[in-house]
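*Asks:* Take a look at this one; I'll ask things after.
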2 protein chains.
Amino acid sequence: MAGHPRFTLNRASPVPLYFQVAEQFEKAIIDGTIAPGERIDNEIALAKELGLSRPTMRQALQVLVDKGMLVRKRGVGTQVVHGKIRRSVELTSLFDDLSAAGQKPQTTVIAVGKVPADEDVARELQLKIGADVWSLERLRYVGKEPLALMHNYIPVDVVDLDAVDLSETGLYAYLRQSGVLMRVARQRIGARRAAPAEASLLHEKRGAPLLTMQRTAYDNAGRAVEYGRHAYRPDLYAFELTLVDR
Amino acid sequence: MAGHPRFTLNRASPVPLYFQVAEQFEKAIIDGTIAPGERIDNEIALAKELGLSRPTMRQALQVLVDKGMLVRKRGVGTQVVHGKIRRSVELTSLFDDLSAAGQKPQTTVIAVGKVPADEDVARELQLKIGADVWSLERLRYVGKEPLALMHNYIPVDVVDLDAVDLSETGLYAYLRQSGVLMRVARQRIGARRAAPAEASLLHEKRGAPLLTMQRTAYDNAGRAVEYGRHAYRPDLYAFELTLVDR
DNA sequence: GTCAACCATTTGTCCTGACATATTGACGTC
DNA sequence: GACGTCAATATGTCAGGACAAATGGTTGAC
């Protein structure tokens with residue numbers, strides 16, 4: 001029987017049991033306490049040892065299977081795949097990404113104000129052409145190098161952008177803080193040549209390749225709450241994601 | 001009480017009940033039988049109507065929640081978010097994507113053979129530098145336009161590439177067919193200038209921007225089975241993905 | 001010695017039942 | 001009329017049990 005670390009459960013905690021188990025399992029996998037390729041105990045034994053029911057234990061393991069850290073094979077068992085899985089692309093922003101990486105992103109607000117929606121913006125935000133939307137244009141630095149040119153559009157009834165200093169806070173953090181809950185987003189990642197103005201802002205040469213990302217985020221009710229068109233310097237940034245086949 | 005379509009269940013089928021329900025729900029959402037924003041019946045009522053237990057009904061709904069088509073709110077109910085969610089990025093290849101879109105991808109094999117692994121390839125495939133690997137270089141067309149230049153590396157003990165005609169079959173389809181099961185992959189999407197040789201093959205101008213994707217795929221045991229470096233024409237291709245916050 | 005049949009193991013699916021917790025709206029008090 | 005309280009409702013979590021199906025090794029027949 002394969003060994004595994006002792007987990008501690010707190011039944012008084014509001015944190016669900018399956019989540020407590022998943023958290024500790026994930027930690028054990030990341031720090032190598034459970035080696036990659038190792039087969040862990042079967043569900044029933046694990047459940048018994050922790051004093052849980054099998055469904056709860058399964059739910060805990062499922063969390064890690066979804067993250068691509070565990071693989072289950074019927075009739076065989078459950079194995080650890082990897083120690084260092086990067087988290088898959090989540091509903092976060094560049095600001096969050098950089099903060100998590102220990103860097104201190106700096107932002108310059110180029111322009112902010114209400115503008116009439118063009119055809120593109122109106123379609124994505126489910127508004128009529130010409131309707132007022134917030135337009136926010138920012139330049140993000142990492143160190144002293146410009147990294148990304150970001151242009152966001154937000155319906156005027158979602159938040160008030162006049163009242164906030166967006167050079168210190170990330171837009172997504174501000175939206176969450178304002179009670180805007182984003183649940184689903186569609187992203188489109190592509191590439192194109194830099195326009196002259198862009199190249200200048202990003203300290204790139206004319207016609208340099210840029211990595212582009214368009215994102216439309218929706219809230220609980222399916223209402224579009226944010227549409228962004230962003231351009232990144234490809235020598236400084238790339239999108240990484242982990243895919244799991246289920 | 002919100003109406004919803006009649007579903008048919010086949011208990012004799014090997015397809016799990018929860019999956020049958022999820023499939024039919026998804027179809028109903030996509031074709032608009034259930035309108036976006038509509039609140040569907042509660043889990044207990046749905047389960048009762050279909051003669052299922054609540055856990056099974058929950059499992060069915062969870063599939064669609066994971067896909068971003070449904071949103072659950074405790075104390076409130078379950079709502080339809082979107083009709084036209086694109087599937088999130090999956091463990092498929094460009095060939096699969098195009099086939100699914102009704103297009104007929106054509107492929108030209110530029111070169112195939114065994115080569116010694118360079119530093120990059122060796123690191124990604126967990127091999128020693130200089131070890132033999134399959135190298136496969138292909139050019140993919142959509143219609144008469146070149147779309148992508150694909151360079152794949154595969155450890156020699158995974159499959160035999162000599163025996164197959166890869167101008168007719170997708171590489172991933174061939175791998176699956178050969179019993180290679182890919183479960184997890186890491187992707188990195190970026191952009192760069194086209195090298196002269198690339199530009200020529202892709203019918204692009206010198207120095208044109210290209211969208212690049214590197215992918216390393218792992219099998220059940222965590223063994224790296226494929227590493228690919230690909231370049232796409234950004235005017236013809238982009239990566240689309242749907243993110244769901246959970 | 002080879003191959004097929006069998007069996008133990010393990011995950012997959014499905015069931016019933018119970019209580020917890022968040023949300024909303026109605027009710028009642030001040 | 002405004003505000004707090006309470007109940008109804010729906011999802012979230014958890015338990016315990018049962019059978020099905022896939023896998024891999026073992027046993028047995030030839």
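Here's how to read the names in the structure tokens: chain A, B, ... by the order shown, residue numbers from 1 in each chain, ligand numbers from 1 in the order shown.
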Give me, as a list of chain:residue names, the contact residues of chain C against chain B at a cut-off of 12 Å, counting only C-alpha atoms (C1' of nucleotides).
*Replies:*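 Here they are: C:DG12, C:DT13, C:DC14, C:DC15, C:DT16, C:DG17, C:DA20, C:DT21, C:DA22, C:DT23, C:DT24, C:DG25.
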*Asks:* Residues of segment 54-207 of chain B classed as strand (DSSP E) by DSSP on the backbone are to be reported as a PyMOL selection string.
*Replies:* chain B and resi 70-73+77-80+106-116+132-142+145-155+182-193
*Asks:* I want to know what sits within 12 Å of Gly179 of chain B, based on only C-alpha atoms (C1' of nucleotides), with residues of the same chain fewer than 2 positions away left out; could you give that as a list in words?
*Replies:*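 That gives Val158, Val159, Tyr172, Ala173, Tyr174, Leu175, Arg176, Gln177, Leu181, Met182, Asp219, Asn220 and Val225 of chain B.
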*Asks:* Would you list which chain B residues are within 7 Å of chain A using only C-alpha atoms, as a PyMOL selection string?
*Replies:* chain B and resi 37+68+71+81-82+90-91+183-193+209-211+220-222+234+238-245
*Asks:* Measuring between only C-alpha atoms (C1' of nucleotides), which one of A:Ile44, A:Ala122, A:Val112, A:Arg140 shows the shortest distance to DG16 of chain D?
*Replies:*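 Checking each of A:Ile44, A:Ala122, A:Val112, A:Arg140 against DG16 of chain D, counting only C-alpha atoms (C1' of nucleotides), the winner is A:Ile44.
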*Asks:* Hey, what's within 10 Å of Phe25 of chain A if we count only C-alpha atoms (C1' of nucleotides) and toss same-chain stuff fewer than 4 positions away? As a list in words, please?
*Replies:* His4, Pro5, Arg6, Phe7, Phe19, Gln20, Val21, Ile29, Ile30, Thr33, Ile34, Ala60, Leu61, Leu64 and Met69 of chain A
*Asks:* DSSP on the backbone: what in segment 30-243 of chain B comes out helix (DSSP H, G or I), as number ranges by chain?
*Replies:* B: 30, 43-50, 54-66, 94-100, 119-125, 161-163, 171-177, 196-201
